[in-house]
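Q: Got a structure here, written out as structure tokens. Questions coming.
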Amino acid sequence: MHRRTLVKSLGLAGVMAATAACGKKEVAGAGVALAGERHRWKMVTTWPPNFPGLGTGAANLAKMIEDCSGGRITIKVYGAGELVPALEVFDAVSSGTAEMGHGGAYYWKGKIPSAPLFNAVPFGMTAQEVNGWLYFGGGLELWREAYAPFGVLPAPAGNSGTQMGGWFNKEILSVADLKGLKMRIPGLGGEVLARAGGTPITLPGQEIFTALQTGAIDATEWVGPYNDLAFGLHKVAKYYYYPGWHEPGSMLEALFNQAAFAQLTPDLQAIVMTCCKAVNDTMLAEFAARNHDSLQTLVEKNGVQLRRFPDEVLRALRTATRAVMAEQSKANAMFARVWASYDAFATRSAAFTAVAEQAMLDTRRL
């Protein structure tokens, strides 16, 4: 069964029966292991150990693979800093220090300029639209092409949905308030902030609280109410802004060492990829279920001041986004190819979203 057909048609409940029928290899050179062979893997993540939603999502993926493979693959999960630092996860998987990783693609932009496009694009697609691009619009093929020179095979493995705009220790009333702002914001969002006059800083999650508390940064984005409450960011920042212009649909990734993945038999490869698909769905559902209650707790019990970015600020950031995408495309051919594919799909998708989801959401205000 072809991978795309598998991903489209399989439900988790049927994964064992369906994958047993897979007779084709997931990647070239795969399937050299014996059917009874056991694989003991390590997974390194960019998330704090057992962190709600993100860290637990990675742990759930490991357990799901073990359960669905009947124990033929077992995976020990290491949170950020337990085996390697958060920002060294990609290198650990590439080198074979770990067979598997879980994180966000924007952390590797210094190594792969196009990587952030596989995580989130400012003012870009929602989680549902991104899934459409990846699975049916050629995005996944480009993602794998970008990572192939490093011996790494990526797969979608989670999405936090539309994020919040971030935590600030001052109100953002105009574009001028962005000038000189030191903000933890990685990826393309950081590039856009820089063009708008701010100073983007990339920090792993576990360092954010202290940096904001000590004044090393003036503001931070992280994820959304569910995760932000768990980090206690309301204790060190007063204003909570929306919308999350920088990450409207934040795709997370599973990373596989190509050589280790190639040692799996075709049925195990199919199990692994189908489990990634299942976690991609369930993590998004978890965030949808938890964010509302967490936001209510932040506002009603902790006195957080919820603010919307002024339209002036959002327009300026969107203008800066277009400039960044043009600049990055000119500087890197692979970035240009991926962005062209993403942008074309986003344009087509937006036309339907406007007459479907957006129009339906508008009726809630009637």
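Ordering of the structure tokens sets the chain letters (A, B, ...); residue numbers start at 1 within each chain; ligands are numbered from 1 in the order shown.
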Show me, as a list in words, the residues that have an atom within 8 Å of segment 222-230 of chain A when counting only C-alpha atoms, minus same-chain residues fewer than 3 positions from it.
A: Pro52, Gly53, Ser160, Gln163, Met164, Gly166, Ile185, Gly205, Leu233, His234, Phe287, Arg290, Asn291, His292, Ser294, Leu295 and Leu298 of chain A
Q: Pick out each residue of segment 24-149 of chain A that DSSP on the backbone tags as helix (DSSP H, G or I); I need them as a PyMOL selection string.
A: chain A and resi 55-68+86-95+105-108+115-118+127-136+139-149
Q: Near segment 238-241 of chain A, within 7 Å and counting only C-alpha atoms, which residues show up once chain neighbours fewer than 4 positions away are dropped, as a list in words?
A: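 In the requested form, the answer reads Met164, Gly165, Gly166, Trp167, Phe168, Asn169, Lys170, Glu171, His234, Val304, Gln305, Leu306, Arg307, Arg308 and Phe309 of chain A.
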Q: List every residue of segment 105-146 of chain A that has an atom at most 9 Å from any atom of segment 346-351 of chain A, and for each one report the closest atom pair and its distance in Å to one decimal, counting only C-alpha atoms, with rows sorted by chain and then by increasing residue number, as JSON lines.
A:
```
{"residue": "A:Gly124", "atom": "CA", "partner": "A:Ala346", "partner_atom": "CA", "distance": 7.2}
{"residue": "A:Met125", "atom": "CA", "partner": "A:Ala346", "partner_atom": "CA", "distance": 6.2}
{"residue": "A:Glu129", "atom": "CA", "partner": "A:Ser349", "partner_atom": "CA", "distance": 6.8}
{"residue": "A:Val130", "atom": "CA", "partner": "A:Ala346", "partner_atom": "CA", "distance": 8.3}
{"residue": "A:Gly132", "atom": "CA", "partner": "A:Ser349", "partner_atom": "CA", "distance": 8.7}
{"residue": "A:Trp133", "atom": "CA", "partner": "A:Ala346", "partner_atom": "CA", "distance": 8.0}
```
Q: So which residues touch segment 268-277 of chain A within 6 Å, counting only C-alpha atoms, skipping near sequence neighbours fewer than 2 positions away, as a VMD selection string?
A: chain A and resid 19 65 157 264 to 266 279 to 280
Q: If you count only C-alpha atoms, which residues fall within 8 Å of Ala58 of chain A, apart from same-chain ones fewer than 5 positions away, as an MDAnalysis selection string?
A: chainID A and resid 45 77 102
Q: Go ahead and dump the residues you just picked, C-alpha atoms, as a PDB file, in the first residue's frame.
A:
```
ATOM      1  CA  THR A  45      12.794  15.911  22.381  1.00  0.00           C
ATOM      2  CA  VAL A  77      11.983   9.081  25.725  1.00  0.00           C
ATOM      3  CA  HIS A 102      10.383  15.140  18.449  1.00  0.00           C
TER       4      HIS A 102
END
```
Q: Within 10 Å of Lys76 of chain A, counting only C-alpha atoms, which residues show up once you throw out same-chain ones fewer than 4 positions away? Write them as a PyMOL selection string, please.
A: chain A and resi 40-44+59+62-63+98+100
Q: May I ask which of the residues A:Glu99, A:Asp293, A:Glu88, A:Asp281 is the closest one to Gln263 of chain A, counting only C-alpha atoms?
A: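 Nearest to Gln263 of chain A: A:Glu99.
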